[in-house]
2 protein chains.
Amino acid sequence: MLDERTMVELGALLEASSVASLATLHEGFPAVSLTPWAPADDGGALLVHVSRLAQHTSDMLADARVAAMIAEPEGSGTLAQALPRVTIRGIAREIDRSSPEYETAKSAYLARHPRSAMTFGLGDFSIFAIEPHATRFIAGFGRAFDVGREELQQALRR
Amino acid sequence: MLDERTMVELGALLEASSVASLATLHEGFPAVSLTPWAPADDGGALLVHVSRLAQHTSDMLADARVAAMIAEPEGSGTLAQALPRVTIRGIAREIDRSSPEYETAKSAYLARHPRSAMTFGLGDFSIFAIEPHATRFIAGFGRAFDVGREELQQALRR
């Protein structure tokens, strides 16, 4: 169980961030890319809106196992190894464009990325929901926590 | 071949950054972590100084294939998907602490991370050199480039 201070820190990190480092498997090799993300409305998933032309998309379609890291940007004077970051291991699932879930996910995504509206007009883009299986939060030096699924959901939903 | 403007941008990104997103294989799953890094003196590798207690270290010892991403921090007003970033796929090799290479690597690392000197006194830390095999630079919207090995070396060395 995270204490209240740590929950607040986790929520603040997730709220302030709009990009994640997305690790995928590329023909068995580890790959990492930068991806804008948004929390699903119910906090149950991370949403990414990705192009079929991008390698991470074909990677996720070939093997749904991913890890996403959201980190506080460097530059604040915080020592690099103490930067708060959360790493979420999970499974990526493409959301069917004709499902009601798609419209909800699209709205949630655009709430964080209003300037991305035009990419929803492009045929090669789709939304993937990354459903978390295990989450680790490093809040600072010597402050590493396992985050329960409901705790993460609460932090994403705030 | 990168043009001069792109080489300057790549060099500036590499020079400004002190942390990388490091993707490793963890029991066959993709994993991602935040790691301070520094360029090797000759520009031929990225250096990371990591603890044996950290998962990425045991991952690299079990499977040397890694990918490291260095990205411009968000917050400058640049649209998230246009943030400059470079992704380097490579092989991680632990540097023998008793080799002359170790002292050179330590100096290069401390030049970028002077406040990390005390971690070199800890027995569980070691330096890994990540030797690049393939590099991709996304300089902005619609500006994606394959970076040759010598170009990367030049950009890291500046």
# chains A, B, ... in the order shown; residues from 1 in each chain; ligands from 1
>>> closest_atom_pairs(of="chain A", to="chain B", cutoff="9 Å", atoms="only C-alpha atoms", output="JSON lines")
{"residue": "A:Ser17", "atom": "CA", "partner": "B:Glu74", "partner_atom": "CA", "distance": 8.1}
{"residue": "A:Ser18", "atom": "CA", "partner": "B:Ala80", "partner_atom": "CA", "distance": 6.9}
{"residue": "A:Val19", "atom": "CA", "partner": "B:Ala80", "partner_atom": "CA", "distance": 6.4}
{"residue": "A:Ser21", "atom": "CA", "partner": "B:Ser21", "partner_atom": "CA", "distance": 6.7}
{"residue": "A:Leu22", "atom": "CA", "partner": "B:Val32", "partner_atom": "CA", "distance": 7.6}
{"residue": "A:Ala23", "atom": "CA", "partner": "B:Pro30", "partner_atom": "CA", "distance": 5.8}
{"residue": "A:Thr24", "atom": "CA", "partner": "B:Pro30", "partner_atom": "CA", "distance": 5.6}
{"residue": "A:Leu25", "atom": "CA", "partner": "B:Pro30", "partner_atom": "CA", "distance": 6.0}
{"residue": "A:Gly28", "atom": "CA", "partner": "B:Gly28", "partner_atom": "CA", "distance": 8.1}
{"residue": "A:Phe29", "atom": "CA", "partner": "B:Arg65", "partner_atom": "CA", "distance": 6.6}
{"residue": "A:Pro30", "atom": "CA", "partner": "B:Thr24", "partner_atom": "CA", "distance": 5.6}
{"residue": "A:Ala31", "atom": "CA", "partner": "B:Ala67", "partner_atom": "CA", "distance": 5.5}
{"residue": "A:Val32", "atom": "CA", "partner": "B:Ala23", "partner_atom": "CA", "distance": 6.0}
{"residue": "A:Ser33", "atom": "CA", "partner": "B:Met69", "partner_atom": "CA", "distance": 7.0}
{"residue": "A:Leu34", "atom": "CA", "partner": "B:Gln81", "partner_atom": "CA", "distance": 7.6}
{"residue": "A:Thr35", "atom": "CA", "partner": "B:Gln81", "partner_atom": "CA", "distance": 6.7}
{"residue": "A:Pro36", "atom": "CA", "partner": "B:Ala80", "partner_atom": "CA", "distance": 6.0}
{"residue": "A:Arg65", "atom": "CA", "partner": "B:Phe29", "partner_atom": "CA", "distance": 6.6}
{"residue": "A:Val66", "atom": "CA", "partner": "B:Pro30", "partner_atom": "CA", "distance": 5.8}
{"residue": "A:Ala67", "atom": "CA", "partner": "B:Ala31", "partner_atom": "CA", "distance": 5.5}
{"residue": "A:Ala68", "atom": "CA", "partner": "B:Val32", "partner_atom": "CA", "distance": 6.9}
{"residue": "A:Met69", "atom": "CA", "partner": "B:Val32", "partner_atom": "CA", "distance": 6.5}
{"residue": "A:Ala71", "atom": "CA", "partner": "B:Leu34", "partner_atom": "CA", "distance": 7.9}
{"residue": "A:Glu72", "atom": "CA", "partner": "B:Pro73", "partner_atom": "CA", "distance": 8.6}
{"residue": "A:Pro73", "atom": "CA", "partner": "B:Pro73", "partner_atom": "CA", "distance": 5.2}
{"residue": "A:Glu74", "atom": "CA", "partner": "B:Pro73", "partner_atom": "CA", "distance": 6.7}
{"residue": "A:Gly75", "atom": "CA", "partner": "B:Pro73", "partner_atom": "CA", "distance": 8.1}
{"residue": "A:Leu79", "atom": "CA", "partner": "B:Arg115", "partner_atom": "CA", "distance": 8.1}
{"residue": "A:Ala80", "atom": "CA", "partner": "B:Pro36", "partner_atom": "CA", "distance": 6.0}
{"residue": "A:Gln81", "atom": "CA", "partner": "B:Pro36", "partner_atom": "CA", "distance": 6.3}
{"residue": "A:Leu83", "atom": "CA", "partner": "B:Leu34", "partner_atom": "CA", "distance": 8.5}
{"residue": "A:Arg85", "atom": "CA", "partner": "B:Leu34", "partner_atom": "CA", "distance": 7.7}
{"residue": "A:Val86", "atom": "CA", "partner": "B:Ser33", "partner_atom": "CA", "distance": 8.9}
{"residue": "A:Thr87", "atom": "CA", "partner": "B:Val32", "partner_atom": "CA", "distance": 7.1}
{"residue": "A:Ile88", "atom": "CA", "partner": "B:Val32", "partner_atom": "CA", "distance": 8.9}
{"residue": "A:Arg89", "atom": "CA", "partner": "B:Ala31", "partner_atom": "CA", "distance": 7.4}
{"residue": "A:His113", "atom": "CA", "partner": "B:Ala80", "partner_atom": "CA", "distance": 8.7}
{"residue": "A:Arg115", "atom": "CA", "partner": "B:Leu79", "partner_atom": "CA", "distance": 8.1}
{"residue": "A:Ser116", "atom": "CA", "partner": "B:Leu79", "partner_atom": "CA", "distance": 8.9}
>>> select_by_dssp(residues="chain B", states="strand (DSSP E)", output="number ranges by chain")
B: 19-26, 29-39, 46-51, 65-71, 85-94, 125-140, 143-147
>>> atom_distance(atom1="atom CA of A:Gly43", atom2="atom CA of A:Arg149")
9.9 Å
>>> select_by_dssp(residues="stretch 11-131 of chain B", states="alpha helix (DSSP H)", output="VMD selection string")
chain B and resid 11 to 16 55 to 62 100 to 112
>>> residues_around(residues="B:Ala12", least_positions_apart="3", cutoff="10 Å", atoms="only C-alpha atoms", output="list in words")
Thr6, Met7, Val8, Glu9, Glu15, Ala16, Ser17, Glu72, Ala155, Leu156 and Arg158 of chain B
>>> atom_distance(atom1="atom CA of B:Pro132", atom2="atom CA of A:Thr57")
23.2 Å
>>> atom_distance(atom1="atom CA of A:Leu61", atom2="atom CA of B:Ala139")
25.9 Å
>>> residues_around(residues="A:Arg97", least_positions_apart="2", cutoff="12 Å", atoms="only C-alpha atoms", output="PyMOL selection string")
chain A and resi 49+94-95+99-106+120+123-128
